[in-house]
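So the structure is just underneath, and the comments pick up after that.
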Amino acid sequence: MAKKNTINYIGRVIDYEKQAPIRGAKVSLNTDEISLVSYTDLEGIYRFQVNPDKAKDVRGQISVEASGYRPYQYSIWLSSDKKDLGDVRLGDFGGSNTSIASNSSSTSRNNSSSNSNSNLIAIAAIIMIAFFIFVSLSMRNSNRGDDIDDNGNSRRERSDLLNYQTQSLGLL
């Protein structure tokens, strides 16, 4: 049971591919003043109880070790307002067996946002190419439209018709 004068920090360790909780993972929290160890439960959840005096805007290091996964470490800011430390995803993603933490103030957040930016750039490029093709086809079709009159006759047919009418009237 939690003591009255403690802050309860909580987080979760999950498998990246399966999105399944990883139980029994060792999660360590280290700051200049504290060193705590917790193990994940059946739902992959870990908890740390910290004295409020030792959790006021303190930079810490979280280390995660789980059987079958590479160990992972990331930096975090402890604050009395933010008690959810987020998810740590362990496993193989992006072709390399590494890990990532999310919903936390860690440096790995930058990695996930840069992946999102890469996806946005690719989508923007596809939209620009589609727009260019659309404009090119529209311009191509509009040039053909200048060669056709209201009756559906081409410029050449109009010229032949004008010559025929002129000859018929004896103007040539």
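Chain labels run A, B, ... following the order of the structure tokens; each chain numbers its residues from 1, and ligands are numbered from 1 in the order shown.
For A:Gly68, the set of protein, DNA and RNA residues having any atom at most 10 Å away, when counting only C-alpha atoms and skipping those fewer than 3 positions along the same chain, is Glu65, Pro71, Leu90 and Gly91 of chain A.
Here atom CA of A:Ile14 stands at a distance of 22.8 Å from atom CA of A:Ser35.
If only C-alpha atoms are the atoms counted, then among A:Leu29, A:Val58, A:Val50, A:Met128 the closest residue to A:Gln73 is A:Leu29.
Using only C-alpha atoms for every distance, the candidate list A:Ser138, A:Ser38, A:Ser75, A:Ser80 yields A:Ser38 as the residue closest to A:Gly24.
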Just to confirm, what's the straight-line distance from atom CA of A:Leu42 to atom CA of A:Ser63 in Å (one decimal)? 19.0 Å
Proximity to A:Asn30 - best of A:Ile45, A:Ile7, A:Ile133, A:Val64, only C-alpha atoms: A:Val64
Mind giving me the straight-line distance from atom CA of A:Gly44 to atom CA of A:Ser67 in Å, one decimal?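 Between these atoms lies a distance of 13.1 Å.
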Please run DSSP on the backbone and report, as a ChimeraX atom specification, all residues within stretch 52-91 of chain A that come out as strand (DSSP E). /A:58-65,72-78,84-91
Export of prior selection with N, CA and C atoms as a short mmCIF file (atom, residue, chain, number, x, y, z; two decimals), in the first residue's frame:
data_model
loop_
_atom_site.label_atom_id
_atom_site.label_comp_id
_atom_site.auth_asym_id
_atom_site.auth_seq_id
_atom_site.Cartn_x
_atom_site.Cartn_y
_atom_site.Cartn_z
N VAL A 58 13.20 16.63 -11.46
CA VAL A 58 14.49 15.93 -11.38
C VAL A 58 14.69 15.12 -12.65
N ARG A 59 15.88 15.21 -13.20
CA ARG A 59 16.21 14.40 -14.36
C ARG A 59 16.63 13.02 -13.88
N GLY A 60 16.07 11.99 -14.52
CA GLY A 60 16.38 10.62 -14.13
C GLY A 60 16.66 9.76 -15.34
N GLN A 61 17.02 8.54 -15.07
CA GLN A 61 17.33 7.57 -16.11
C GLN A 61 16.49 6.33 -15.83
N ILE A 62 15.77 5.85 -16.83
CA ILE A 62 15.02 4.60 -16.69
C ILE A 62 15.71 3.55 -17.54
N SER A 63 15.92 2.38 -16.94
CA SER A 63 16.52 1.24 -17.64
C SER A 63 15.51 0.10 -17.62
N VAL A 64 15.36 -0.57 -18.77
CA VAL A 64 14.42 -1.68 -18.87
C VAL A 64 15.17 -2.91 -19.38
N GLU A 65 14.99 -4.02 -18.69
CA GLU A 65 15.58 -5.29 -19.10
C GLU A 65 14.48 -6.34 -19.08
N TYR A 72 17.25 -1.50 -22.56
CA TYR A 72 16.95 -0.16 -23.08
C TYR A 72 17.02 0.86 -21.96
N GLN A 73 17.57 2.03 -22.28
CA GLN A 73 17.65 3.14 -21.32
C GLN A 73 17.17 4.42 -21.98
N TYR A 74 16.56 5.27 -21.19
CA TYR A 74 16.19 6.60 -21.68
C TYR A 74 16.12 7.58 -20.52
N SER A 75 16.27 8.84 -20.85
CA SER A 75 16.22 9.91 -19.85
C SER A 75 14.79 10.39 -19.68
N ILE A 76 14.50 10.87 -18.49
CA ILE A 76 13.15 11.33 -18.18
C ILE A 76 13.22 12.44 -17.14
N TRP A 77 12.23 13.32 -17.17
CA TRP A 77 12.10 14.36 -16.13
C TRP A 77 10.99 13.93 -15.19
N LEU A 78 11.31 13.80 -13.92
CA LEU A 78 10.28 13.49 -12.92
C LEU A 78 9.68 14.80 -12.44
N ASP A 84 2.36 9.67 -15.11
CA ASP A 84 2.35 8.59 -16.10
C ASP A 84 3.66 8.66 -16.88
N LEU A 85 4.47 7.64 -16.76
CA LEU A 85 5.76 7.61 -17.44
C LEU A 85 5.64 7.08 -18.86
N GLY A 86 4.46 6.64 -19.25
CA GLY A 86 4.23 6.22 -20.63
C GLY A 86 4.60 4.77 -20.88
N ASP A 87 4.59 4.42 -22.16
CA ASP A 87 4.89 3.06 -22.60
C ASP A 87 6.34 2.96 -23.04
N VAL A 88 6.93 1.82 -22.78
CA VAL A 88 8.23 1.48 -23.35
C VAL A 88 7.96 0.29 -24.25
N ARG A 89 8.27 0.44 -25.54
CA ARG A 89 8.05 -0.63 -26.51
C ARG A 89 9.38 -1.31 -26.80
N LEU A 90 9.44 -2.59 -26.54
CA LEU A 90 10.65 -3.36 -26.79
C LEU A 90 10.41 -4.27 -27.98
N GLY A 91 11.42 -4.44 -28.82
CA GLY A 91 11.30 -5.40 -29.91
C GLY A 91 11.92 -4.91 -31.18
#
From the list A:Tyr69, A:Ser79, A:Asp15, A:Asn8, which residue is nearest A:Phe48 when using only C-alpha atoms? A:Asn8
